file work.txt (compact mmCIF, C-alpha atoms)
# COMPACT_ATOMS: atom_id res chain seq x y z
CA MET A 1 117.43 95.14 83.56
CA SER A 2 114.84 94.40 80.95
CA ASP A 3 115.39 95.06 77.28
CA VAL A 4 113.13 98.06 77.58
CA VAL A 5 115.43 99.54 80.18
CA ARG A 6 118.59 98.68 78.29
CA ASN A 7 117.84 99.60 74.73
CA GLY A 8 115.24 102.27 74.30
CA LYS A 9 113.08 105.00 75.59
CA PRO A 10 110.09 104.17 77.72
CA ALA A 11 106.77 104.15 75.96
CA GLY A 12 105.45 107.64 75.60
CA ALA A 13 108.76 109.31 76.46
CA GLN A 14 109.01 112.89 75.34
CA SER A 15 112.10 114.70 74.20
CA PRO A 16 112.78 118.11 75.71
CA ALA A 17 111.74 119.77 72.49
CA THR A 18 108.44 117.96 72.15
CA GLY A 19 107.37 117.66 75.82
CA HIS A 20 103.87 118.66 76.74
CA ARG A 21 104.18 122.37 77.41
CA PRO A 22 100.58 122.66 78.66
CA GLY A 23 101.43 120.02 81.24
CA ARG A 24 104.47 122.00 82.30
CA ARG A 25 102.32 125.10 82.68
CA ARG A 26 99.89 123.12 84.80
CA THR A 27 102.58 122.01 87.25
CA PRO A 28 102.90 125.36 89.09
CA LEU A 29 99.12 125.73 89.25
CA LEU A 30 98.75 122.21 90.64
CA ALA A 31 101.51 122.92 93.14
CA VAL A 32 99.72 126.05 94.38
CA ALA A 33 96.46 124.11 94.65
CA GLY A 34 98.25 121.33 96.53
CA VAL A 35 99.78 123.78 98.99
CA VAL A 36 96.36 125.35 99.63
CA VAL A 37 94.77 121.93 100.24
CA LEU A 38 97.66 120.90 102.49
CA CYS A 39 97.33 124.08 104.56
CA ALA A 40 93.59 123.43 104.93
CA LEU A 41 94.26 119.85 106.05
CA VAL A 42 96.89 121.02 108.54
CA THR A 43 94.36 123.43 110.00
CA VAL A 44 91.81 120.65 110.38
CA ALA A 45 94.41 118.35 111.94
CA VAL A 46 95.52 120.80 114.63
CA ALA A 47 92.04 122.20 115.38
CA ASN A 48 90.19 118.91 115.90
CA GLY A 49 90.47 116.26 118.56
CA GLU A 50 89.10 115.42 121.98
CA MET A 51 89.33 119.13 122.76
CA PRO A 52 88.22 121.05 119.63
CA LEU A 53 89.93 124.40 119.14
CA PRO A 54 89.04 127.44 117.03
CA PRO A 55 91.03 127.09 113.79
CA VAL A 56 92.74 130.47 114.19
CA ASP A 57 93.82 129.68 117.75
CA ALA A 58 95.00 126.22 116.70
CA VAL A 59 97.16 127.62 113.90
CA LYS A 60 98.61 130.22 116.26
CA GLY A 61 99.33 127.48 118.76
CA LEU A 62 101.21 125.56 116.09
CA PHE A 63 103.68 128.45 115.95
CA GLY A 64 103.81 128.82 119.73
CA VAL A 65 101.48 131.80 119.94
CA GLY A 66 98.50 131.88 122.33
CA ASP A 67 97.71 130.50 125.75
CA SER A 68 99.93 127.76 127.13
CA ALA A 69 97.20 125.08 127.14
CA THR A 70 96.48 125.53 123.43
CA VAL A 71 100.17 125.54 122.56
CA LEU A 72 100.72 122.35 124.57
CA VAL A 73 97.82 120.48 122.97
CA VAL A 74 98.74 121.50 119.43
CA GLN A 75 102.52 121.21 119.57
CA GLU A 76 102.92 118.15 121.74
CA PHE A 77 99.93 115.97 120.83
CA ARG A 78 98.59 116.93 117.39
CA ALA A 79 101.51 118.38 115.45
CA PRO A 80 103.82 115.31 115.63
CA ARG A 81 101.15 113.06 114.11
CA MET A 82 100.35 115.61 111.42
CA VAL A 83 104.02 116.19 110.51
CA ALA A 84 104.69 112.43 110.48
CA ALA A 85 101.87 111.94 107.95
CA ILE A 86 103.20 114.75 105.74
CA VAL A 87 106.81 113.51 105.82
CA ALA A 88 105.91 109.85 105.30
CA GLY A 89 103.51 110.65 102.46
CA ALA A 90 106.07 112.79 100.65
CA GLY A 91 108.82 110.20 101.08
CA LEU A 92 106.70 107.30 99.84
CA ALA A 93 105.37 109.21 96.82
CA VAL A 94 108.81 110.38 95.67
CA ALA A 95 110.21 106.86 96.19
CA GLY A 96 107.42 105.45 94.04
CA ALA A 97 108.01 108.06 91.33
CA LEU A 98 111.72 107.23 91.24
CA LEU A 99 111.16 103.47 91.00
CA GLN A 100 108.46 103.71 88.34
CA ARG A 101 110.61 105.97 86.22
CA LEU A 102 113.72 103.87 86.77
CA PHE A 103 112.07 100.56 85.79
CA ARG A 104 109.58 102.01 83.26
CA ASN A 105 106.82 100.05 84.94
CA PRO A 106 103.66 101.31 86.69
CA LEU A 107 103.77 98.44 89.20
CA ALA A 108 107.20 99.35 90.54
CA SER A 109 106.69 100.80 94.02
CA PRO A 110 108.22 100.19 97.46
CA ASP A 111 105.17 98.39 98.83
CA VAL A 112 104.86 96.08 95.82
CA MET A 113 108.60 95.35 95.66
CA GLY A 114 108.95 94.48 99.35
CA VAL A 115 110.89 97.51 100.58
CA THR A 116 108.28 98.72 103.06
CA GLY A 117 107.83 95.17 104.32
CA GLY A 118 111.56 95.01 104.98
CA ALA A 119 111.48 98.37 106.76
CA SER A 120 108.65 97.13 108.97
CA PHE A 121 110.59 93.96 109.75
CA GLY A 122 113.61 95.99 110.84
CA ALA A 123 111.54 98.34 112.98
CA VAL A 124 109.65 95.56 114.75
CA ALA A 125 112.86 93.56 115.31
CA MET A 126 114.37 96.64 116.97
CA LEU A 127 111.30 96.96 119.20
CA ALA A 128 111.60 93.28 120.09
CA ALA A 129 115.18 93.89 121.16
CA GLY A 130 113.99 96.64 123.51
CA ALA A 131 116.02 99.36 121.78
CA SER A 132 115.31 103.07 121.91
CA GLN A 133 112.64 104.58 119.65
CA ALA A 134 115.33 106.88 118.25
CA LEU A 135 116.96 103.85 116.58
CA ILE A 136 113.78 102.82 114.75
CA PRO A 137 114.61 104.81 111.54
CA LEU A 138 118.03 103.16 111.36
CA ALA A 139 116.50 99.72 111.88
CA ALA A 140 113.85 100.41 109.24
CA LEU A 141 116.54 101.48 106.78
CA GLY A 142 118.45 98.27 107.46
CA GLY A 143 115.30 96.23 106.89
CA GLY A 144 114.57 98.02 103.62
CA LEU A 145 118.09 97.32 102.39
CA LEU A 146 117.68 93.68 103.43
CA ALA A 147 114.52 93.45 101.33
CA ALA A 148 116.39 94.97 98.38
CA VAL A 149 119.17 92.40 98.73
CA LEU A 150 116.64 89.55 98.85
CA LEU A 151 114.92 91.01 95.82
CA GLY A 152 118.19 91.11 93.88
CA VAL A 153 119.20 87.58 94.91
CA PHE A 154 115.91 85.94 93.96
CA ALA A 155 114.98 88.08 90.96
CA TRP A 156 118.29 88.38 89.14
CA ARG A 157 118.66 86.03 86.23
CA ALA A 158 121.24 87.49 83.82
CA GLY A 159 119.23 90.66 83.29
CA VAL A 160 116.07 90.63 85.33
CA SER A 161 112.75 91.44 83.72
CA VAL A 162 110.54 93.98 85.43
CA THR A 163 107.66 91.50 85.60
CA ARG A 164 109.84 89.02 87.48
CA LEU A 165 111.06 91.81 89.75
CA VAL A 166 107.50 92.73 90.71
CA LEU A 167 106.45 89.11 91.31
CA VAL A 168 109.50 88.37 93.47
CA GLY A 169 108.91 91.67 95.27
CA LEU A 170 105.38 90.61 96.17
CA ALA A 171 106.76 87.33 97.54
CA VAL A 172 109.42 89.15 99.58
CA GLN A 173 106.79 91.55 100.92
CA ALA A 174 104.52 88.67 101.93
CA GLY A 175 107.35 86.76 103.62
CA LEU A 176 108.58 89.74 105.62
CA SER A 177 105.02 90.69 106.59
CA ALA A 178 104.53 87.15 107.90
CA ALA A 179 107.72 87.51 109.96
CA VAL A 180 106.44 90.79 111.39
CA ASN A 181 103.09 89.21 112.30
CA PHE A 182 104.91 86.33 114.01
CA MET A 183 106.96 88.73 116.14
CA VAL A 184 103.86 90.74 117.06
CA VAL A 185 102.09 87.56 118.21
CA ARG A 186 105.10 86.48 120.26
CA PHE A 187 105.55 89.90 121.88
CA PRO A 188 104.55 90.59 125.47
CA ALA A 189 101.21 92.39 125.62
CA GLU A 190 102.80 95.74 126.45
CA LEU A 191 104.94 95.64 123.30
CA ALA A 192 102.38 94.17 120.91
CA GLY A 193 100.42 97.44 120.75
CA SER A 194 103.53 99.43 119.87
CA ALA A 195 104.46 96.99 117.12
CA LEU A 196 100.98 96.59 115.66
CA GLN A 197 101.28 99.75 113.54
CA TRP A 198 103.91 98.02 111.41
CA THR A 199 101.40 95.47 110.21
CA THR A 200 98.98 97.95 108.60
CA GLY A 201 100.49 101.42 108.82
CA SER A 202 99.68 104.15 111.33
CA VAL A 203 100.90 107.56 112.47
CA TYR A 204 99.13 107.32 115.82
CA GLY A 205 101.25 108.21 118.85
CA ARG A 206 104.16 109.69 116.96
CA ALA A 207 106.54 111.76 119.10
CA TRP A 208 108.85 114.58 118.12
CA THR A 209 111.91 112.38 118.73
CA GLU A 210 110.83 110.01 115.95
CA VAL A 211 109.62 112.79 113.68
CA TRP A 212 112.85 114.78 113.90
CA SER A 213 115.17 111.80 113.40
CA ALA A 214 113.29 110.19 110.52
CA GLY A 215 111.98 113.46 109.08
CA GLY A 216 115.43 115.03 108.93
CA ALA A 217 116.80 111.98 107.13
CA VAL A 218 113.87 112.03 104.69
CA ALA A 219 114.55 115.71 103.95
CA VAL A 220 118.18 114.94 103.12
CA ALA A 221 117.16 112.00 100.92
CA LEU A 222 114.64 114.20 99.08
CA VAL A 223 117.39 116.72 98.30
CA VAL A 224 119.54 113.90 96.91
CA ALA A 225 116.59 112.62 94.86
CA PHE A 226 116.14 116.00 93.19
CA ALA A 227 119.89 116.22 92.59
CA LEU A 228 119.66 112.90 90.69
CA HIS A 229 116.88 114.14 88.42
CA ARG A 230 119.31 115.17 85.66
CA GLN A 231 120.72 111.64 85.58
CA LEU A 232 117.21 110.22 85.33
CA ALA A 233 116.49 112.55 82.41
CA VAL A 234 119.58 111.23 80.61
CA LEU A 235 118.59 107.62 81.37
CA ASP A 236 115.23 108.31 79.71
CA LEU A 237 117.10 108.66 76.42
CA GLY A 238 118.15 105.00 76.51
CA ASP A 239 121.44 103.37 77.47
CA ASP A 240 123.19 103.95 74.15
CA SER A 241 122.47 107.67 74.14
CA ALA A 242 123.17 108.01 77.85
CA GLY A 243 126.51 106.26 77.46
CA ALA A 244 127.39 108.48 74.53
CA LEU A 245 126.74 111.47 76.78
CA GLY A 246 129.23 110.10 79.29
CA LEU A 247 126.83 108.73 81.89
CA ASN A 248 127.69 105.51 83.70
CA THR A 249 124.20 104.00 83.42
CA ASN A 250 124.68 101.18 85.92
CA ALA A 251 126.05 103.52 88.58
CA ALA A 252 123.27 106.03 87.93
CA ARG A 253 120.57 103.36 88.28
CA LEU A 254 122.14 102.08 91.49
CA GLN A 255 122.20 105.59 92.96
CA VAL A 256 118.54 106.19 92.14
CA LEU A 257 117.57 102.76 93.48
CA VAL A 258 119.39 103.31 96.78
CA VAL A 259 117.81 106.74 97.27
CA ALA A 260 114.34 105.31 96.59
CA ILE A 261 114.93 102.50 99.10
CA VAL A 262 116.19 104.96 101.73
CA LEU A 263 113.16 107.22 101.24
CA ALA A 264 110.66 104.39 101.45
CA SER A 265 112.35 102.81 104.47
CA LEU A 266 112.53 106.04 106.46
CA ALA A 267 108.91 106.84 105.58
CA ALA A 268 107.90 103.37 106.77
CA SER A 269 109.71 103.99 110.06
CA LEU A 270 107.22 106.80 110.69
CA ALA A 271 104.02 105.31 109.31
CA GLY A 272 104.56 101.59 108.80
CA PRO A 273 103.97 99.81 105.47
CA VAL A 274 101.32 102.23 104.19
CA ALA A 275 99.99 100.96 100.87
CA PHE A 276 98.77 102.81 97.77
CA VAL A 277 100.61 106.13 98.26
CA ALA A 278 103.83 105.19 96.47
CA LEU A 279 101.94 103.17 93.87
CA ALA A 280 99.20 105.58 92.83
CA VAL A 281 100.43 109.12 93.44
CA PRO A 282 103.01 109.13 90.59
CA HIS A 283 100.27 107.96 88.19
CA MET A 284 97.95 110.73 89.30
CA VAL A 285 100.67 113.34 88.88
CA ARG A 286 101.60 112.11 85.40
CA PHE A 287 97.94 112.19 84.39
CA LEU A 288 97.50 115.75 85.61
CA ALA A 289 100.91 117.30 84.89
CA GLY A 290 102.33 115.28 82.01
CA PRO A 291 105.78 113.70 81.49
CA PRO A 292 108.22 113.56 84.41
CA THR A 293 110.27 116.63 85.26
CA ALA A 294 111.85 118.00 88.43
CA GLY A 295 108.60 119.89 88.95
CA THR A 296 106.44 116.79 88.72
CA LEU A 297 108.77 115.00 91.15
CA ALA A 298 108.20 117.79 93.67
CA LEU A 299 104.49 117.66 92.90
CA SER A 300 104.49 113.92 93.66
CA GLY A 301 105.93 114.61 97.10
CA LEU A 302 103.31 117.28 97.76
CA ALA A 303 100.48 115.02 96.55
CA GLY A 304 101.73 112.15 98.71
CA ALA A 305 101.74 114.39 101.77
CA VAL A 306 98.19 115.56 101.01
CA LEU A 307 96.93 112.02 100.41
CA LEU A 308 98.37 110.49 103.57
CA LEU A 309 97.32 113.38 105.82
CA ALA A 310 93.81 113.36 104.32
CA SER A 311 93.58 109.58 104.81
CA ASP A 312 94.64 109.93 108.44
CA LEU A 313 91.97 112.57 109.03
CA VAL A 314 89.39 110.26 107.44
CA THR A 315 90.34 107.49 109.87
CA GLN A 316 90.04 109.88 112.81
CA TYR A 317 86.80 111.71 112.05
CA LEU A 318 84.80 110.20 109.17
CA LEU A 319 84.81 106.45 109.71
CA PRO A 320 82.20 104.92 112.03
CA VAL A 321 84.86 102.79 113.76
CA SER A 322 87.37 104.77 115.80
CA GLY A 323 91.03 103.89 116.20
CA LEU A 324 91.58 102.40 112.75
CA PRO A 325 95.11 102.85 111.31
CA VAL A 326 95.60 104.99 108.24
CA GLY A 327 96.78 101.92 106.32
CA VAL A 328 93.20 100.64 106.27
CA VAL A 329 92.08 103.61 104.18
CA THR A 330 95.06 103.57 101.83
CA ALA A 331 94.85 99.78 101.36
CA THR A 332 91.14 100.05 100.56
CA LEU A 333 91.99 102.54 97.84
CA GLY A 334 95.09 100.68 96.71
CA ALA A 335 93.72 97.16 96.22
CA PRO A 336 91.47 97.98 93.24
CA TRP A 337 94.12 100.31 91.84
CA LEU A 338 96.72 97.54 91.90
CA LEU A 339 94.27 95.13 90.26
CA VAL A 340 93.58 97.58 87.43
CA LEU A 341 97.29 98.18 86.88
CA MET A 342 98.04 94.45 86.76
CA ILE A 343 95.21 93.87 84.26
CA ARG A 344 96.48 96.71 82.06
CA GLN A 345 100.05 95.41 82.33
CA SER A 346 98.94 91.90 81.35
CA SER A 347 96.97 93.25 78.40
CA SER A 348 100.00 95.23 77.25
CA VAL A 349 102.21 92.14 77.44
CA ASN A 350 99.70 90.06 75.48
CA ARG A 351 99.49 92.68 72.73
CA SER A 352 103.26 92.82 72.45
CA VAL A 353 103.44 89.00 72.14
CA ARG A 354 100.98 89.03 69.27

call {"tool": "encode", "arguments": {"input": "work.txt", "output": "structure tokens"}}
result
Amino acid sequence: MSDVVRNGKPAGAQSPATGHRPGRRRTPLLAVAGVVVLCALVTVAVANGEMPLPPVDAVKGLFGVGDSATVLVVQEFRAPRMVAAIVAGAGLAVAGALLQRLFRNPLASPDVMGVTGGASFGAVAMLAAGASQALIPLAALGGGLLAAVLLGVFAWRAGVSVTRLVLVGLAVQAGLSAAVNFMVVRFPAELAGSALQWTTGSVYGRAWTEVWSAGGAVAVALVVAFALHRQLAVLDLGDDSAGALGLNTNAARLQVLVVAIVLASLAASLAGPVAFVALAVPHMVRFLAGPPTAGTLALSGLAGAVLLLASDLVTQYLLPVSGLPVGVVTATLGAPWLLVLMIRQSSSVNRSVR
């Protein structure tokens, strides 16, 4: 880890006694607002399509109430895609929040560090082998762990710096994405369409089998992530203080890292390597709600779900070109955001050198 991670608090860290209480008071209000927005987006998602439905009837159909045709359309064709977007968005955002807090770096996110590229590689390799769709989450998890191993092998130099970690992560992401593109090109035509989502990110055509398998695993990983929040709070004090409090800092970091990788990989198994969500959502939440707490971690998951579902609805109904994957919208938002973050990071490094 970098010296910043080993020896001191992250810049701007707040002690429990001096944390921003107004920000803490804002967290419940933001959560309520997020839930309201998410409910509105869910209503739009289930009511619109090739066969528009009255919003009230569509919501009733989501819960199995109403005529059989409405229930079939909503539950079997629209709900899986909507739930996949919510689950994937929440998983990616929480994974990004964990990594950024762990490494004290705004550029640390699964898509920048190669984890989602590894998950996509595993998923596409499983498709190439002709395996069942139910095994895709497991393959994506294996690919994400592979990317993490490659990242550790190439980035570790007797205490890796975060800057080196991010640069190696970008290289790993690019290499694995190239491998995915190669497999897609070599696929038979009937498989190429199924694999194409893992090049840009998409929730199109999701089925309940995939949603239940990956979504259930994401839910378990989210519970573990919140259980690790206390350890993260102790790590924020710095290694010396954390060790004095009896925390094994290396083991705690490894646990948080593994949970973040699992979350990002399982989310990618549902939506592919969707960019921007894991990178930007934690920044937005910190700006609105203040220093990290268990509440802001939950708020990150909620905001990620809102962002990815809203982006998917934009691709379906607001863009002039139909059939675009949701990754096109998130990447369009994420590219300038990443550029700004890298410029700010470079400026911060230059100031510290002077």

call {"tool": "closest_residue", "arguments": {"input": "work.txt", "among": "A:Ala147, A:Ala260, A:Val277, A:Val218", "to": "Ala310 of chain A", "atoms": "only C-alpha atoms"}}
result
A:Val277

call {"tool": "closest_residue", "arguments": {"input": "work.txt", "among": "A:Ala264, A:Ile343, A:Leu53, A:Leu307", "to": "Gly66 of chain A", "atoms": "all atoms listed in the file"}}
result
A:Leu53

call {"tool": "residues_around", "arguments": {"input": "work.txt", "residues": "Val73 of chain A", "least_positions_apart": "2", "cutoff": "10 Å", "atoms": "only C-alpha atoms", "output": "PyMOL selection string"}}
result
chain A and resi 46-47+49+51+53+58+61-62+68-71+75-79

call {"tool": "atom_distance", "arguments": {"input": "work.txt", "atom1": "atom CA of Ala93 of chain A", "atom2": "atom CA of Ser300 of chain A"}}
result
5.7 Å

call {"tool": "residues_near_point", "arguments": {"input": "work.txt", "point": "(95.0, 102.5, 109.8)", "cutoff": "9 Å", "atoms": "only C-alpha atoms", "output": "list of chain:residue names"}}
result
A:Gln197, A:Thr200, A:Gly201, A:Ser202, A:Val203, A:Tyr204, A:Val274, A:Ser311, A:Asp312, A:Thr315, A:Gly323, A:Leu324, A:Pro325, A:Val326, A:Gly327, A:Val328, A:Val329, A:Thr330, A:Ala331

call {"tool": "atom_distance", "arguments": {"input": "work.txt", "atom1": "atom CA of Leu98 of chain A", "atom2": "atom CA of Met82 of chain A"}}
result
24.6 Å

call {"tool": "build_atoms", "arguments": {"input": "work.txt", "residues": "segment 68-94 of chain A", "atoms": "N, CA, C and O atoms", "output": "PDB file, keeping the file's coordinate frame"}}
result
ATOM      1  N   SER A  68      99.037 128.909 126.962  1.00  0.00           N
ATOM      2  CA  SER A  68      99.930 127.760 127.130  1.00  0.00           C
ATOM      3  C   SER A  68      99.205 126.433 126.917  1.00  0.00           C
ATOM      4  O   SER A  68      99.790 125.474 126.383  1.00  0.00           O
ATOM      5  N   ALA A  69      97.934 126.341 127.314  1.00  0.00           N
ATOM      6  CA  ALA A  69      97.200 125.080 127.140  1.00  0.00           C
ATOM      7  C   ALA A  69      97.021 124.749 125.669  1.00  0.00           C
ATOM      8  O   ALA A  69      97.214 123.596 125.245  1.00  0.00           O
ATOM      9  N   THR A  70      96.655 125.754 124.866  1.00  0.00           N
ATOM     10  CA  THR A  70      96.480 125.530 123.430  1.00  0.00           C
ATOM     11  C   THR A  70      97.791 125.144 122.778  1.00  0.00           C
ATOM     12  O   THR A  70      97.848 124.205 121.952  1.00  0.00           O
ATOM     13  N   VAL A  71      98.858 125.844 123.130  1.00  0.00           N
ATOM     14  CA  VAL A  71     100.170 125.540 122.560  1.00  0.00           C
ATOM     15  C   VAL A  71     100.590 124.115 122.912  1.00  0.00           C
ATOM     16  O   VAL A  71     101.109 123.370 122.070  1.00  0.00           O
ATOM     17  N   LEU A  72     100.355 123.703 124.148  1.00  0.00           N
ATOM     18  CA  LEU A  72     100.720 122.350 124.570  1.00  0.00           C
ATOM     19  C   LEU A  72      99.949 121.294 123.792  1.00  0.00           C
ATOM     20  O   LEU A  72     100.538 120.329 123.273  1.00  0.00           O
ATOM     21  N   VAL A  73      98.642 121.457 123.671  1.00  0.00           N
ATOM     22  CA  VAL A  73      97.820 120.480 122.970  1.00  0.00           C
ATOM     23  C   VAL A  73      98.229 120.362 121.510  1.00  0.00           C
ATOM     24  O   VAL A  73      98.381 119.255 120.966  1.00  0.00           O
ATOM     25  N   VAL A  74      98.433 121.509 120.862  1.00  0.00           N
ATOM     26  CA  VAL A  74      98.740 121.500 119.430  1.00  0.00           C
ATOM     27  C   VAL A  74     100.151 120.997 119.177  1.00  0.00           C
ATOM     28  O   VAL A  74     100.364 120.092 118.340  1.00  0.00           O
ATOM     29  N   GLN A  75     101.129 121.541 119.880  1.00  0.00           N
ATOM     30  CA  GLN A  75     102.520 121.210 119.570  1.00  0.00           C
ATOM     31  C   GLN A  75     102.947 119.840 120.055  1.00  0.00           C
ATOM     32  O   GLN A  75     103.760 119.182 119.393  1.00  0.00           O
ATOM     33  N   GLU A  76     102.433 119.393 121.165  1.00  0.00           N
ATOM     34  CA  GLU A  76     102.920 118.150 121.740  1.00  0.00           C
ATOM     35  C   GLU A  76     102.076 116.925 121.379  1.00  0.00           C
ATOM     36  O   GLU A  76     102.583 115.802 121.390  1.00  0.00           O
ATOM     37  N   PHE A  77     100.800 117.123 121.064  1.00  0.00           N
ATOM     38  CA  PHE A  77      99.930 115.970 120.830  1.00  0.00           C
ATOM     39  C   PHE A  77      99.431 115.861 119.392  1.00  0.00           C
ATOM     40  O   PHE A  77      99.277 114.752 118.882  1.00  0.00           O
ATOM     41  N   ARG A  78      99.166 116.982 118.733  1.00  0.00           N
ATOM     42  CA  ARG A  78      98.590 116.930 117.390  1.00  0.00           C
ATOM     43  C   ARG A  78      99.613 117.160 116.288  1.00  0.00           C
ATOM     44  O   ARG A  78      99.553 116.511 115.241  1.00  0.00           O
ATOM     45  N   ALA A  79     100.536 118.059 116.502  1.00  0.00           N
ATOM     46  CA  ALA A  79     101.510 118.380 115.450  1.00  0.00           C
ATOM     47  C   ALA A  79     102.413 117.216 115.078  1.00  0.00           C
ATOM     48  O   ALA A  79     102.672 116.998 113.886  1.00  0.00           O
ATOM     49  N   PRO A  80     102.950 116.425 116.039  1.00  0.00           N
ATOM     50  CA  PRO A  80     103.820 115.310 115.630  1.00  0.00           C
ATOM     51  C   PRO A  80     103.128 114.320 114.692  1.00  0.00           C
ATOM     52  O   PRO A  80     103.727 113.873 113.707  1.00  0.00           O
ATOM     53  N   ARG A  81     101.874 113.996 114.976  1.00  0.00           N
ATOM     54  CA  ARG A  81     101.150 113.060 114.110  1.00  0.00           C
ATOM     55  C   ARG A  81     100.936 113.678 112.737  1.00  0.00           C
ATOM     56  O   ARG A  81     101.099 113.003 111.715  1.00  0.00           O
ATOM     57  N   MET A  82     100.588 114.941 112.695  1.00  0.00           N
ATOM     58  CA  MET A  82     100.350 115.610 111.420  1.00  0.00           C
ATOM     59  C   MET A  82     101.636 115.704 110.590  1.00  0.00           C
ATOM     60  O   MET A  82     101.645 115.396 109.399  1.00  0.00           O
ATOM     61  N   VAL A  83     102.745 116.079 111.229  1.00  0.00           N
ATOM     62  CA  VAL A  83     104.020 116.190 110.510  1.00  0.00           C
ATOM     63  C   VAL A  83     104.494 114.813 110.043  1.00  0.00           C
ATOM     64  O   VAL A  83     105.029 114.666 108.940  1.00  0.00           O
ATOM     65  N   ALA A  84     104.300 113.785 110.873  1.00  0.00           N
ATOM     66  CA  ALA A  84     104.690 112.430 110.480  1.00  0.00           C
ATOM     67  C   ALA A  84     103.947 111.993 109.220  1.00  0.00           C
ATOM     68  O   ALA A  84     104.535 111.373 108.314  1.00  0.00           O
ATOM     69  N   ALA A  85     102.647 112.290 109.132  1.00  0.00           N
ATOM     70  CA  ALA A  85     101.870 111.940 107.950  1.00  0.00           C
ATOM     71  C   ALA A  85     102.390 112.678 106.714  1.00  0.00           C
ATOM     72  O   ALA A  85     102.506 112.095 105.620  1.00  0.00           O
ATOM     73  N   ILE A  86     102.713 113.954 106.871  1.00  0.00           N
ATOM     74  CA  ILE A  86     103.200 114.750 105.740  1.00  0.00           C
ATOM     75  C   ILE A  86     104.543 114.214 105.254  1.00  0.00           C
ATOM     76  O   ILE A  86     104.763 114.006 104.048  1.00  0.00           O
ATOM     77  N   VAL A  87     105.465 113.979 106.187  1.00  0.00           N
ATOM     78  CA  VAL A  87     106.810 113.510 105.820  1.00  0.00           C
ATOM     79  C   VAL A  87     106.753 112.124 105.196  1.00  0.00           C
ATOM     80  O   VAL A  87     107.386 111.858 104.157  1.00  0.00           O
ATOM     81  N   ALA A  88     105.996 111.219 105.823  1.00  0.00           N
ATOM     82  CA  ALA A  88     105.910 109.850 105.300  1.00  0.00           C
ATOM     83  C   ALA A  88     105.247 109.829 103.930  1.00  0.00           C
ATOM     84  O   ALA A  88     105.698 109.109 103.023  1.00  0.00           O
ATOM     85  N   GLY A  89     104.180 110.608 103.758  1.00  0.00           N
ATOM     86  CA  GLY A  89     103.510 110.650 102.460  1.00  0.00           C
ATOM     87  C   GLY A  89     104.412 111.166 101.361  1.00  0.00           C
ATOM     88  O   GLY A  89     104.459 110.609 100.253  1.00  0.00           O
ATOM     89  N   ALA A  90     105.153 112.229 101.656  1.00  0.00           N
ATOM     90  CA  ALA A  90     106.070 112.790 100.650  1.00  0.00           C
ATOM     91  C   ALA A  90     107.176 111.796 100.311  1.00  0.00           C
ATOM     92  O   ALA A  90     107.511 111.598  99.135  1.00  0.00           O
ATOM     93  N   GLY A  91     107.747 111.156 101.328  1.00  0.00           N
ATOM     94  CA  GLY A  91     108.820 110.200 101.080  1.00  0.00           C
ATOM     95  C   GLY A  91     108.375 109.007 100.259  1.00  0.00           C
ATOM     96  O   GLY A  91     109.059 108.579  99.316  1.00  0.00           O
ATOM     97  N   LEU A  92     107.206 108.458 100.584  1.00  0.00           N
ATOM     98  CA  LEU A  92     106.700 107.300  99.840  1.00  0.00           C
ATOM     99  C   LEU A  92     106.382 107.667  98.392  1.00  0.00           C
ATOM    100  O   LEU A  92     106.695 106.905  97.464  1.00  0.00           O
ATOM    101  N   ALA A  93     105.754 108.822  98.178  1.00  0.00           N
ATOM    102  CA  ALA A  93     105.370 109.210  96.820  1.00  0.00           C
ATOM    103  C   ALA A  93     106.590 109.446  95.939  1.00  0.00           C
ATOM    104  O   ALA A  93     106.622 109.010  94.778  1.00  0.00           O
ATOM    105  N   VAL A  94     107.599 110.133  96.462  1.00  0.00           N
ATOM    106  CA  VAL A  94     108.810 110.380  95.670  1.00  0.00           C
ATOM    107  C   VAL A  94     109.542 109.067  95.409  1.00  0.00           C
ATOM    108  O   VAL A  94     110.059 108.834  94.300  1.00  0.00           O
TER     109      VAL A  94
END
